[in-house]
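Reproduced below: coords.cif, with mmCIF, C-alpha atoms.
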data_start
#
loop_
_atom_site.label_atom_id
_atom_site.label_comp_id
_atom_site.auth_asym_id
_atom_site.auth_seq_id
_atom_site.Cartn_x
_atom_site.Cartn_y
_atom_site.Cartn_z
CA MET A 26 45.19 5.31 -3.65
CA SER A 27 47.00 8.59 -3.65
CA SER A 28 44.85 9.85 -6.55
CA HIS A 29 41.88 9.94 -4.16
CA ALA A 30 43.68 11.69 -1.41
CA ALA A 31 42.48 15.12 -2.47
CA ILE A 32 38.79 14.17 -2.30
CA HIS A 33 39.01 11.63 0.47
CA SER A 34 36.16 11.85 2.92
CA PRO A 35 35.89 10.06 6.28
CA HIS A 36 32.55 8.69 5.04
CA LEU A 37 34.03 7.03 1.96
CA ARG A 38 34.46 3.26 2.30
CA HIS A 39 37.63 1.99 0.67
CA GLN A 40 35.86 -0.21 -1.89
CA PHE A 41 34.30 2.81 -3.63
CA ASP A 42 35.97 5.33 -5.96
CA ASP A 43 34.05 8.32 -4.65
CA LEU A 44 31.04 9.33 -2.60
CA GLN A 45 28.77 9.48 -5.64
CA GLN A 46 29.52 5.87 -6.55
CA GLN A 47 29.03 4.86 -2.92
CA ARG A 48 25.64 6.60 -2.79
CA GLU A 49 24.47 5.05 -6.05
CA SER A 50 25.43 1.57 -4.83
CA ALA A 51 23.33 2.17 -1.72
CA ALA A 52 20.38 3.38 -3.83
CA LEU A 53 20.64 0.33 -6.12
CA GLY A 54 20.80 -2.03 -3.14
CA MET A 55 17.84 -0.36 -1.43
CA TRP A 56 15.73 -0.49 -4.59
CA SER A 57 16.59 -4.19 -5.01
CA PHE A 58 15.22 -4.77 -1.52
CA LEU A 59 12.11 -2.71 -2.28
CA VAL A 60 11.50 -4.85 -5.41
CA THR A 61 11.40 -7.93 -3.16
CA GLU A 62 8.86 -6.09 -0.97
CA VAL A 63 6.69 -5.32 -4.00
CA MET A 64 6.80 -9.00 -5.03
CA PHE A 65 5.98 -10.06 -1.46
CA PHE A 66 2.81 -7.97 -1.58
CA ALA A 67 2.14 -9.05 -5.21
CA GLY A 68 1.38 -12.57 -3.95
CA LEU A 69 -1.17 -11.15 -1.51
CA PHE A 70 -2.68 -8.85 -4.15
CA GLY A 71 -2.91 -11.81 -6.58
CA ALA A 72 -4.74 -13.98 -4.06
CA TYR A 73 -6.95 -10.99 -3.19
CA THR A 74 -7.89 -10.57 -6.88
CA LEU A 75 -8.80 -14.23 -7.19
CA TYR A 76 -11.13 -14.32 -4.20
CA ARG A 77 -12.61 -10.92 -4.99
CA TYR A 78 -13.78 -12.33 -8.36
CA TRP A 79 -14.86 -15.58 -6.82
CA TYR A 80 -16.94 -14.09 -4.00
CA TYR A 81 -17.66 -10.63 -5.38
CA PRO A 82 -21.10 -9.99 -3.73
CA GLU A 83 -19.86 -11.06 -0.27
CA TRP A 84 -16.58 -9.12 -0.59
CA ASP A 85 -18.47 -6.05 -1.75
CA ALA A 86 -20.75 -6.34 1.32
CA ALA A 87 -17.80 -7.04 3.67
CA SER A 88 -15.89 -4.02 2.36
CA ARG A 89 -18.85 -1.82 3.40
CA GLN A 90 -18.28 -2.88 7.02
CA LEU A 91 -15.07 -0.82 6.97
CA ASP A 92 -15.15 2.89 7.80
CA HIS A 93 -13.97 4.44 4.52
CA TYR A 94 -13.89 7.97 5.97
CA LEU A 95 -11.46 6.78 8.64
CA GLY A 96 -9.50 4.94 5.95
CA ALA A 97 -9.34 8.11 3.81
CA PHE A 98 -8.22 10.12 6.84
CA ASN A 99 -5.48 7.58 7.51
CA THR A 100 -4.40 7.85 3.86
CA PHE A 101 -4.15 11.61 4.41
CA VAL A 102 -2.07 11.07 7.58
CA LEU A 103 0.32 8.69 5.82
CA LEU A 104 0.73 10.90 2.73
CA THR A 105 1.53 13.81 5.05
CA SER A 106 4.18 11.68 6.76
CA SER A 107 5.68 11.01 3.31
CA LEU A 108 5.83 14.76 2.75
CA THR A 109 7.65 15.35 6.06
CA MET A 110 10.00 12.46 5.19
CA ALA A 111 10.77 14.15 1.85
CA PHE A 112 11.38 17.37 3.80
CA ALA A 113 13.76 15.49 6.12
CA VAL A 114 15.86 14.29 3.16
CA ASP A 115 15.81 17.80 1.72
CA ALA A 116 16.96 19.26 5.06
CA ALA A 117 19.75 16.67 5.30
CA ALA A 118 20.89 17.47 1.75
CA SER A 119 21.21 21.15 2.63
CA GLY A 120 23.00 20.35 5.90
CA ASN A 121 20.21 21.73 8.08
CA ASN A 122 20.41 19.38 11.05
CA ARG A 123 17.68 21.14 13.07
CA ALA A 124 15.15 20.86 10.23
CA LEU A 125 16.24 17.24 9.70
CA LYS A 126 15.51 16.34 13.33
CA ARG A 127 12.21 18.23 13.32
CA ASN A 128 10.99 16.46 10.18
CA ILE A 129 12.07 13.00 11.40
CA LEU A 130 10.07 13.66 14.58
CA LEU A 131 7.02 14.86 12.60
CA THR A 132 7.19 11.75 10.39
CA LEU A 133 7.36 9.54 13.48
CA ILE A 134 4.38 11.30 15.12
CA LEU A 135 2.27 10.99 11.93
CA GLY A 136 3.24 7.32 11.64
CA LEU A 137 2.19 6.74 15.26
CA ALA A 138 -1.13 8.51 14.52
CA PHE A 139 -1.68 6.16 11.57
CA VAL A 140 -1.07 3.05 13.67
CA GLY A 141 -3.21 4.49 16.49
CA ILE A 142 -6.16 4.93 14.12
CA LYS A 143 -5.50 1.42 12.75
CA ILE A 144 -5.64 -0.03 16.28
CA TYR A 145 -8.94 1.80 16.87
CA GLU A 146 -10.30 0.30 13.63
CA TYR A 147 -9.18 -3.19 14.66
CA TYR A 148 -10.90 -2.65 18.01
CA THR A 149 -14.24 -1.71 16.36
CA LYS A 150 -14.00 -4.78 14.09
CA TRP A 151 -13.43 -6.89 17.20
CA GLU A 152 -16.47 -5.26 18.86
CA HIS A 153 -18.64 -6.00 15.81
CA GLY A 154 -17.57 -9.64 15.65
CA LEU A 155 -15.75 -9.21 12.36
CA VAL A 156 -12.48 -10.85 13.40
CA PRO A 157 -12.20 -14.22 11.60
CA GLY A 158 -12.66 -17.19 13.87
CA SER A 159 -15.36 -18.81 15.98
CA HIS A 160 -16.82 -15.45 17.05
CA PHE A 161 -17.24 -14.14 13.51
CA HIS A 162 -20.82 -13.20 12.72
CA TRP A 163 -22.51 -11.09 10.10
CA HIS A 164 -24.96 -8.32 10.79
CA ALA A 165 -26.62 -6.27 8.10
CA GLY A 166 -27.03 -2.55 8.66
CA PRO A 167 -27.70 0.68 6.82
CA GLY A 168 -26.06 0.27 3.42
CA ILE A 169 -24.80 -3.20 4.37
CA PRO A 170 -26.82 -6.00 2.78
CA ASP A 171 -27.54 -9.35 4.35
CA ILE A 172 -25.59 -12.22 2.79
CA GLU A 173 -25.96 -15.98 2.72
CA ASN A 174 -22.35 -17.08 2.39
CA VAL A 175 -20.95 -15.63 5.62
CA ARG A 176 -17.72 -17.63 5.27
CA ALA A 177 -16.85 -15.70 2.09
CA ALA A 178 -17.17 -12.41 4.03
CA GLU A 179 -15.02 -13.94 6.77
CA LEU A 180 -12.39 -14.66 4.11
CA PHE A 181 -12.44 -10.95 3.18
CA PHE A 182 -11.56 -10.12 6.78
CA VAL A 183 -8.75 -12.71 6.73
CA PHE A 184 -7.27 -10.68 3.86
CA TYR A 185 -8.08 -7.36 5.56
CA PHE A 186 -6.26 -8.30 8.78
CA THR A 187 -3.37 -10.03 6.98
CA MET A 188 -2.68 -7.22 4.52
CA THR A 189 -3.18 -4.28 6.90
CA GLY A 190 -1.39 -6.26 9.65
CA ILE A 191 1.72 -6.82 7.51
CA HIS A 192 1.54 -3.18 6.48
CA ALA A 193 1.30 -2.04 10.12
CA PHE A 194 4.25 -4.33 10.97
CA HIS A 195 6.26 -2.48 8.31
CA MET A 196 5.25 0.77 10.01
CA LEU A 197 6.58 -0.53 13.35
CA ILE A 198 9.94 -1.37 11.71
CA GLY A 199 9.84 2.15 10.24
CA PHE A 200 9.44 3.61 13.76
CA GLY A 201 12.61 1.83 14.85
CA LEU A 202 14.47 3.15 11.80
CA LEU A 203 13.22 6.72 12.38
CA ILE A 204 14.25 6.64 16.04
CA THR A 205 17.71 5.41 14.99
CA LEU A 206 17.92 8.23 12.42
CA TYR A 207 16.89 10.78 15.03
CA ILE A 208 19.60 9.63 17.44
CA GLN A 209 22.21 9.70 14.65
CA ALA A 210 21.09 13.19 13.61
CA HIS A 211 21.26 14.26 17.25
CA LEU A 212 24.86 13.01 17.35
CA ASN A 213 25.60 15.09 14.22
CA LYS A 214 26.34 12.05 12.08
CA PHE A 215 24.96 13.62 8.92
CA SER A 216 26.11 16.49 6.75
CA ALA A 217 25.37 17.87 3.29
CA GLU A 218 28.23 15.63 2.13
CA TYR A 219 26.92 12.42 3.68
CA TYR A 220 23.27 11.67 4.49
CA THR A 221 22.71 8.37 2.62
CA PRO A 222 20.99 6.62 5.59
CA VAL A 223 18.37 9.40 5.71
CA GLU A 224 17.72 8.90 1.98
CA MET A 225 17.51 5.09 2.20
CA ILE A 226 15.16 5.04 5.19
CA GLY A 227 13.15 7.68 3.33
CA LEU A 228 12.79 5.24 0.41
CA TYR A 229 11.55 2.55 2.81
CA TRP A 230 9.02 4.92 4.37
CA HIS A 231 7.67 6.01 0.97
CA LEU A 232 7.30 2.37 -0.11
CA VAL A 233 5.18 1.64 2.96
CA ASP A 234 3.08 4.67 1.97
CA ILE A 235 2.68 3.35 -1.62
CA LEU A 236 1.49 -0.04 -0.30
CA TRP A 237 -1.26 1.73 1.65
CA VAL A 238 -2.21 3.73 -1.47
CA PHE A 239 -3.18 0.36 -3.02
CA LEU A 240 -4.59 -1.26 0.12
CA PHE A 241 -7.01 1.61 0.79
CA PRO A 242 -9.13 1.43 -2.43
CA LEU A 243 -8.86 -2.39 -2.63
CA LEU A 244 -10.11 -3.00 0.92
CA TYR A 245 -12.27 0.01 1.78
CA LEU A 246 -13.75 1.05 -1.56
CA ILE A 247 -14.82 -2.10 -3.46
CA ASP A 248 -18.17 -0.42 -4.15
CA ARG A 249 -19.80 2.31 -2.10
CA ASN A 250 -22.97 2.74 -4.19
CA PHE A 251 -25.85 2.01 -1.91
CA VAL A 252 -28.61 0.41 -3.92
CA SER A 253 -30.94 -0.28 -1.01
CA MET B 2 27.36 17.18 -3.66
CA SER B 3 27.61 20.19 -1.43
CA HIS B 4 25.47 22.28 -3.74
CA HIS B 5 21.83 21.49 -3.05
CA GLU B 6 18.71 23.02 -4.51
CA SER B 7 15.72 22.80 -2.24
CA HIS B 8 12.77 20.80 -3.62
CA VAL B 9 10.28 21.94 -0.96
CA ALA B 10 8.00 23.75 -3.43
CA THR B 11 7.86 20.68 -5.72
CA TYR B 12 7.12 18.39 -2.77
CA VAL B 13 4.24 20.59 -1.62
CA SER B 14 2.64 20.64 -5.10
CA VAL B 15 2.98 16.85 -5.41
CA TYR B 16 1.45 16.50 -1.93
CA ILE B 17 -1.54 18.63 -2.95
CA ALA B 18 -1.96 16.52 -6.11
CA LEU B 19 -1.89 13.36 -3.94
CA LEU B 20 -4.59 14.74 -1.63
CA VAL B 21 -6.80 15.63 -4.63
CA LEU B 22 -6.35 12.04 -5.86
CA VAL B 23 -7.38 10.63 -2.42
CA ILE B 24 -10.60 12.68 -2.59
CA ALA B 25 -11.09 11.53 -6.20
CA THR B 26 -10.70 7.85 -5.30
CA VAL B 27 -13.29 8.12 -2.48
CA GLY B 28 -15.60 10.11 -4.78
CA VAL B 29 -15.33 7.59 -7.62
CA ALA B 30 -16.31 4.76 -5.24
CA THR B 31 -19.56 6.51 -4.32
CA ILE B 32 -20.65 7.26 -7.91
CA PRO B 33 -22.33 4.45 -9.88
CA LEU B 34 -19.77 3.74 -12.61
CA GLY B 35 -20.35 0.01 -13.03
CA ALA B 36 -17.48 -1.87 -14.63
CA LEU B 37 -15.43 1.31 -14.96
CA ALA B 38 -15.15 1.84 -11.19
CA PHE B 39 -12.34 -0.68 -10.62
CA PRO B 40 -10.09 0.41 -13.53
CA ILE B 41 -10.48 4.05 -12.48
CA ALA B 42 -9.67 3.31 -8.82
CA ILE B 43 -6.57 1.31 -9.80
CA SER B 44 -5.45 3.99 -12.28
CA ILE B 45 -5.68 6.62 -9.52
CA ALA B 46 -3.63 4.36 -7.21
CA PHE B 47 -0.95 3.91 -9.90
CA THR B 48 -0.85 7.66 -10.56
CA LYS B 49 -0.32 8.27 -6.83
CA ALA B 50 2.37 5.57 -6.68
CA PHE B 51 4.14 7.07 -9.69
CA LEU B 52 4.15 10.58 -8.16
CA ILE B 53 5.62 9.22 -4.92
CA ILE B 54 8.25 7.11 -6.73
CA TRP B 55 9.23 9.82 -9.24
CA ILE B 56 9.34 12.87 -6.96
CA PHE B 57 9.40 11.87 -3.25
CA MET B 58 11.77 8.95 -3.91
CA HIS B 59 13.88 11.02 -6.36
CA VAL B 60 13.86 8.35 -9.07
CA LYS B 61 13.60 11.24 -11.52
CA ASN B 62 17.20 12.16 -10.63
CA GLU B 63 18.63 8.65 -10.37
CA SER B 64 20.81 6.82 -12.91
CA SER B 65 19.19 4.67 -15.62
CA LEU B 66 20.17 1.52 -13.72
CA VAL B 67 18.33 2.62 -10.56
CA LYS B 68 15.34 3.71 -12.68
CA VAL B 69 15.11 0.20 -14.16
CA PHE B 70 15.19 -1.36 -10.69
CA ALA B 71 12.60 1.06 -9.35
CA PHE B 72 10.02 -0.11 -11.88
CA LEU B 73 11.15 -3.75 -12.08
CA GLY B 74 8.90 -4.84 -9.20
CA ILE B 75 5.81 -3.48 -10.95
CA GLY B 76 6.98 -5.22 -14.15
CA TRP B 77 7.31 -8.65 -12.51
CA MET B 78 4.05 -8.15 -10.64
CA SER B 79 2.27 -7.36 -13.90
CA ILE B 80 3.15 -10.84 -15.25
CA LEU B 81 1.12 -12.33 -12.40
CA PHE B 82 -1.85 -10.06 -13.09
CA VAL B 83 -1.78 -10.34 -16.90
CA PHE B 84 -2.16 -14.11 -16.64
CA LEU B 85 -4.77 -13.90 -13.87
CA PHE B 86 -6.88 -11.57 -15.99
CA CYS B 87 -6.31 -13.66 -19.16
CA ASP B 88 -8.46 -16.22 -17.35
CA TYR B 89 -11.10 -13.90 -15.93
CA PHE B 90 -11.60 -11.75 -19.04
CA THR B 91 -12.05 -14.77 -21.32
CA ARG B 92 -14.03 -16.96 -18.95
CA ALA B 93 -17.47 -15.89 -20.21
CA GLN B 94 -16.52 -16.88 -23.77
CA THR B 95 -14.94 -20.15 -22.61
CA MET B 96 -18.10 -21.05 -20.71
CA ALA B 97 -20.23 -20.19 -23.74
CA ASP B 98 -18.06 -22.48 -25.88
CA TYR B 99 -17.78 -25.28 -23.31
CA PRO B 100 -20.88 -25.23 -21.09
CA GLY B 101 -20.23 -26.71 -17.69
CA ALA B 102 -16.46 -26.20 -17.86
CA TRP B 103 -16.42 -24.80 -14.32
CA SER B 104 -19.70 -26.13 -12.99
CA HIS B 105 -18.00 -28.46 -10.50
CA ARG B 106 -16.52 -25.36 -8.87
CA GLY B 107 -19.86 -23.89 -7.87
CA ARG B 108 -19.67 -20.13 -7.48
CA LEU B 109 -16.68 -19.75 -9.76
CA SER B 110 -19.01 -20.33 -12.70
CA ALA B 111 -21.36 -17.48 -11.88
CA PRO B 112 -19.59 -14.35 -10.63
CA ALA B 113 -21.22 -12.17 -13.30
CA GLU B 114 -24.77 -13.03 -12.30
CA GLY B 115 -24.74 -10.84 -9.22
CA GLY B 116 -24.76 -13.51 -6.55
CA HIS B 117 -27.78 -15.57 -7.56
CA GLY B 118 -28.03 -19.31 -7.41
CA HIS B 119 -25.34 -20.09 -4.88
CA HIS B 120 -27.77 -21.55 -2.41
CA ALA B 121 -27.49 -24.97 -3.98
CA ASP B 122 -23.71 -24.72 -4.11
CA HIS B 123 -23.30 -23.86 -0.45
CA PRO B 124 -26.06 -25.68 1.42
CA LYS B 125 -24.31 -25.04 4.76
CA SER B 126 -24.00 -21.30 4.28
CA ASN B 127 -27.24 -20.31 6.02
CA ALA B 128 -25.31 -18.79 8.90
CA GLU B 129 -27.37 -15.59 8.89
CA GLY B 130 -29.21 -17.08 11.83
CA HIS B 131 -26.45 -15.51 13.96
CA ALA B 132 -27.31 -12.10 12.65
CA HIS B 133 -30.43 -11.47 14.62
#
I need this file expressed as structure tokens, please.
Amino acid sequence: MSSHAAIHSPHLRHQFDDLQQQRESAALGMWSFLVTEVMFFAGLFGAYTLYRYWYYPEWDAASRQLDHYLGAFNTFVLLTSSLTMAFAVDAAASGNNRALKRNILLTLILGLAFVGIKIYEYYTKWEHGLVPGSHFHWHAGPGIPDIENVRAAELFFVFYFTMTGIHAFHMLIGFGLLITLYIQAHLNKFSAEYYTPVEMIGLYWHLVDILWVFLFPLLYLIDRNFVS
Amino acid sequence: MSHHESHVATYVSVYIALLVLVIATVGVATIPLGALAFPIAISIAFTKAFLIIWIFMHVKNESSLVKVFAFLGIGWMSILFVFLFCDYFTRAQTMADYPGAWSHRGRLSAPAEGGHGHHADHPKSNAEGHAH
């Protein structure tokens, strides 16, 4: 034990040799968790692929009911929040607590904007009778063809609400984590020597961003060529 | 650990690259590319994911062990998709060799025909009466 005395830090847990080993253990553990998240979504993406092949014309038509400009804007909002999250980790690594707090707050605001836009989108789908269930009905419009098998389009919206809903739920958990980080930063818990929680929550936030990067083209952009 | 080089400039360039790729993925969806549209859209998504993993998530600077874990999820997921697509990419040939192999499944047998002939398979699907 005495050999570590010279480099002993109050942040070092006794089971680790040094801070670097402690940090790498945290990174490995976090990535293991993120792998389970990827596999969780893999099941949904697999089922999505199957039904997209099975009911391609209806899923193509149903995808056109979504506002892809709003979806693209939300992608922009979420990517920007990833940038501010990366800035937050960078600020923590250089011991700049003010910049850390500012960037956590910016990330939180951008995340809230994303969920706000998502709620607005859900509301318009509700208004247009596109929520699966007894009120679901299909209406053709400009660029949106009429279809016979309405139930197949309804199935698309089951996937739309399930996948974006689980994604939005991850965002809500992210809000809780960011608020916790902000409070800890406010209490000066982090320094250039120790900021592992900022890094790990950053990894979580980026993963939620990556999931949206796949959800956006798969749900909003099946085919936007209007052949009418 | 106390010495830290700021990565802000790198992050901003990656961010700009990501925004260009968002515009590209929307653009590609509005151009008639036929069968190429889906592979291109997915390739753009994977490029974006890689940039985020490699730079924003610092996997570039992690140990080999963490690097393996970071890409393990995609590896396991690809097993699922390789076998799914083994079926779909060979189905046309299988149906040519064994006519009627999927006929009891209705629509599953005719995804490539552009949505024709499913009236008989789904006699109860005339729900467009709600539309007007």
Near-Ala71 in chain B list (12 Å; all atoms listed in the file; drop same-chain fewer than 2 positions) as a PDB file with C-alpha atoms, in the frame of the given file:
ATOM      1  CA  ALA A  52      20.380   3.380  -3.830  1.00  0.00           C
ATOM      2  CA  LEU A  53      20.640   0.330  -6.120  1.00  0.00           C
ATOM      3  CA  GLY A  54      20.800  -2.030  -3.140  1.00  0.00           C
ATOM      4  CA  MET A  55      17.840  -0.360  -1.430  1.00  0.00           C
ATOM      5  CA  TRP A  56      15.730  -0.490  -4.590  1.00  0.00           C
ATOM      6  CA  SER A  57      16.590  -4.190  -5.010  1.00  0.00           C
ATOM      7  CA  PHE A  58      15.220  -4.770  -1.520  1.00  0.00           C
ATOM      8  CA  LEU A  59      12.110  -2.710  -2.280  1.00  0.00           C
ATOM      9  CA  VAL A  60      11.500  -4.850  -5.410  1.00  0.00           C
ATOM     10  CA  THR A  61      11.400  -7.930  -3.160  1.00  0.00           C
ATOM     11  CA  GLU A  62       8.860  -6.090  -0.970  1.00  0.00           C
ATOM     12  CA  VAL A  63       6.690  -5.320  -4.000  1.00  0.00           C
ATOM     13  CA  LEU A 228      12.790   5.240   0.410  1.00  0.00           C
ATOM     14  CA  LEU A 232       7.300   2.370  -0.110  1.00  0.00           C
TER      15      LEU A 232
ATOM     16  CA  ALA B  50       2.370   5.570  -6.680  1.00  0.00           C
ATOM     17  CA  PHE B  51       4.140   7.070  -9.690  1.00  0.00           C
ATOM     18  CA  ILE B  53       5.620   9.220  -4.920  1.00  0.00           C
ATOM     19  CA  ILE B  54       8.250   7.110  -6.730  1.00  0.00           C
ATOM     20  CA  TRP B  55       9.230   9.820  -9.240  1.00  0.00           C
ATOM     21  CA  MET B  58      11.770   8.950  -3.910  1.00  0.00           C
ATOM     22  CA  HIS B  59      13.880  11.020  -6.360  1.00  0.00           C
ATOM     23  CA  VAL B  60      13.860   8.350  -9.070  1.00  0.00           C
ATOM     24  CA  LYS B  61      13.600  11.240 -11.520  1.00  0.00           C
ATOM     25  CA  GLU B  63      18.630   8.650 -10.370  1.00  0.00           C
ATOM     26  CA  SER B  64      20.810   6.820 -12.910  1.00  0.00           C
ATOM     27  CA  SER B  65      19.190   4.670 -15.620  1.00  0.00           C
ATOM     28  CA  LEU B  66      20.170   1.520 -13.720  1.00  0.00           C
ATOM     29  CA  VAL B  67      18.330   2.620 -10.560  1.00  0.00           C
ATOM     30  CA  LYS B  68      15.340   3.710 -12.680  1.00  0.00           C
ATOM     31  CA  VAL B  69      15.110   0.200 -14.160  1.00  0.00           C
ATOM     32  CA  LEU B  73      11.150  -3.750 -12.080  1.00  0.00           C
ATOM     33  CA  GLY B  74       8.900  -4.840  -9.200  1.00  0.00           C
ATOM     34  CA  ILE B  75       5.810  -3.480 -10.950  1.00  0.00           C
ATOM     35  CA  GLY B  76       6.980  -5.220 -14.150  1.00  0.00           C
ATOM     36  CA  TRP B  77       7.310  -8.650 -12.510  1.00  0.00           C
TER      37      TRP B  77
END
task: Can you pull out every residue within 7 Å of Ser7 in chain B, counting only C-alpha atoms, but drop anything in the same chain fewer than 2 positions away, and send it as a ChimeraX atom specification?
output: /A:115 /B:5,9
For this structure, which residues satisfy the selection - the PyMOL selection byres ((chain A) within 6 of (chain B)) - when it is evaluated on the file as given? I want them as a short mmCIF file (atom, residue, chain, number, x, y, z; two decimals) with C-alpha atoms, in the coordinates of the input.
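New file expr_29.cif:
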data_model
loop_
_atom_site.label_atom_id
_atom_site.label_comp_id
_atom_site.auth_asym_id
_atom_site.auth_seq_id
_atom_site.Cartn_x
_atom_site.Cartn_y
_atom_site.Cartn_z
CA LEU A 53 20.64 0.33 -6.12
CA TRP A 56 15.73 -0.49 -4.59
CA VAL A 60 11.50 -4.85 -5.41
CA VAL A 63 6.69 -5.32 -4.00
CA ALA A 67 2.14 -9.05 -5.21
CA TRP A 79 -14.86 -15.58 -6.82
CA PRO A 82 -21.10 -9.99 -3.73
CA ALA A 111 10.77 14.15 1.85
CA SER A 119 21.21 21.15 2.63
CA TRP A 163 -22.51 -11.09 10.10
CA HIS A 164 -24.96 -8.32 10.79
CA GLU A 173 -25.96 -15.98 2.72
CA ASN A 174 -22.35 -17.08 2.39
CA ALA A 217 25.37 17.87 3.29
CA GLU A 218 28.23 15.63 2.13
CA LEU A 228 12.79 5.24 0.41
CA ILE A 235 2.68 3.35 -1.62
CA VAL A 238 -2.21 3.73 -1.47
CA PHE A 239 -3.18 0.36 -3.02
CA LEU A 246 -13.75 1.05 -1.56
CA ASP A 248 -18.17 -0.42 -4.15
CA ARG A 249 -19.80 2.31 -2.10
CA ASN A 250 -22.97 2.74 -4.19
#
Taking (-14.3, -14.5, 1.1) in the file's coordinates as the center, which residues reach within 12 Å of it, counting all atoms listed in the file, put as a PDB file with C-alpha atoms, in the frame of the given file?
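Output contents, as saved in point17.pdb:
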ATOM      1  CA  ALA A  72      -4.740 -13.980  -4.060  1.00  0.00           C
ATOM      2  CA  TYR A  73      -6.950 -10.990  -3.190  1.00  0.00           C
ATOM      3  CA  THR A  74      -7.890 -10.570  -6.880  1.00  0.00           C
ATOM      4  CA  LEU A  75      -8.800 -14.230  -7.190  1.00  0.00           C
ATOM      5  CA  TYR A  76     -11.130 -14.320  -4.200  1.00  0.00           C
ATOM      6  CA  ARG A  77     -12.610 -10.920  -4.990  1.00  0.00           C
ATOM      7  CA  TYR A  78     -13.780 -12.330  -8.360  1.00  0.00           C
ATOM      8  CA  TRP A  79     -14.860 -15.580  -6.820  1.00  0.00           C
ATOM      9  CA  TYR A  80     -16.940 -14.090  -4.000  1.00  0.00           C
ATOM     10  CA  TYR A  81     -17.660 -10.630  -5.380  1.00  0.00           C
ATOM     11  CA  PRO A  82     -21.100  -9.990  -3.730  1.00  0.00           C
ATOM     12  CA  GLU A  83     -19.860 -11.060  -0.270  1.00  0.00           C
ATOM     13  CA  TRP A  84     -16.580  -9.120  -0.590  1.00  0.00           C
ATOM     14  CA  ASP A  85     -18.470  -6.050  -1.750  1.00  0.00           C
ATOM     15  CA  ALA A  86     -20.750  -6.340   1.320  1.00  0.00           C
ATOM     16  CA  ALA A  87     -17.800  -7.040   3.670  1.00  0.00           C
ATOM     17  CA  SER A  88     -15.890  -4.020   2.360  1.00  0.00           C
ATOM     18  CA  PRO A 157     -12.200 -14.220  11.600  1.00  0.00           C
ATOM     19  CA  ILE A 172     -25.590 -12.220   2.790  1.00  0.00           C
ATOM     20  CA  GLU A 173     -25.960 -15.980   2.720  1.00  0.00           C
ATOM     21  CA  ASN A 174     -22.350 -17.080   2.390  1.00  0.00           C
ATOM     22  CA  VAL A 175     -20.950 -15.630   5.620  1.00  0.00           C
ATOM     23  CA  ARG A 176     -17.720 -17.630   5.270  1.00  0.00           C
ATOM     24  CA  ALA A 177     -16.850 -15.700   2.090  1.00  0.00           C
ATOM     25  CA  ALA A 178     -17.170 -12.410   4.030  1.00  0.00           C
ATOM     26  CA  GLU A 179     -15.020 -13.940   6.770  1.00  0.00           C
ATOM     27  CA  LEU A 180     -12.390 -14.660   4.110  1.00  0.00           C
ATOM     28  CA  PHE A 181     -12.440 -10.950   3.180  1.00  0.00           C
ATOM     29  CA  PHE A 182     -11.560 -10.120   6.780  1.00  0.00           C
ATOM     30  CA  VAL A 183      -8.750 -12.710   6.730  1.00  0.00           C
ATOM     31  CA  PHE A 184      -7.270 -10.680   3.860  1.00  0.00           C
ATOM     32  CA  TYR A 185      -8.080  -7.360   5.560  1.00  0.00           C
TER      33      TYR A 185
ATOM     34  CA  ARG B 108     -19.670 -20.130  -7.480  1.00  0.00           C
TER      35      ARG B 108
END
task: Identify, on the basis of all atoms listed in the file, every residue whose closest approach to Arg127 in chain A does not exceed 10 Å; exclude the query and any residue fewer than 6 positions from it along the same chain; express the result as a ChimeraX atom specification.
output: /A:109,112-113,116,133,207
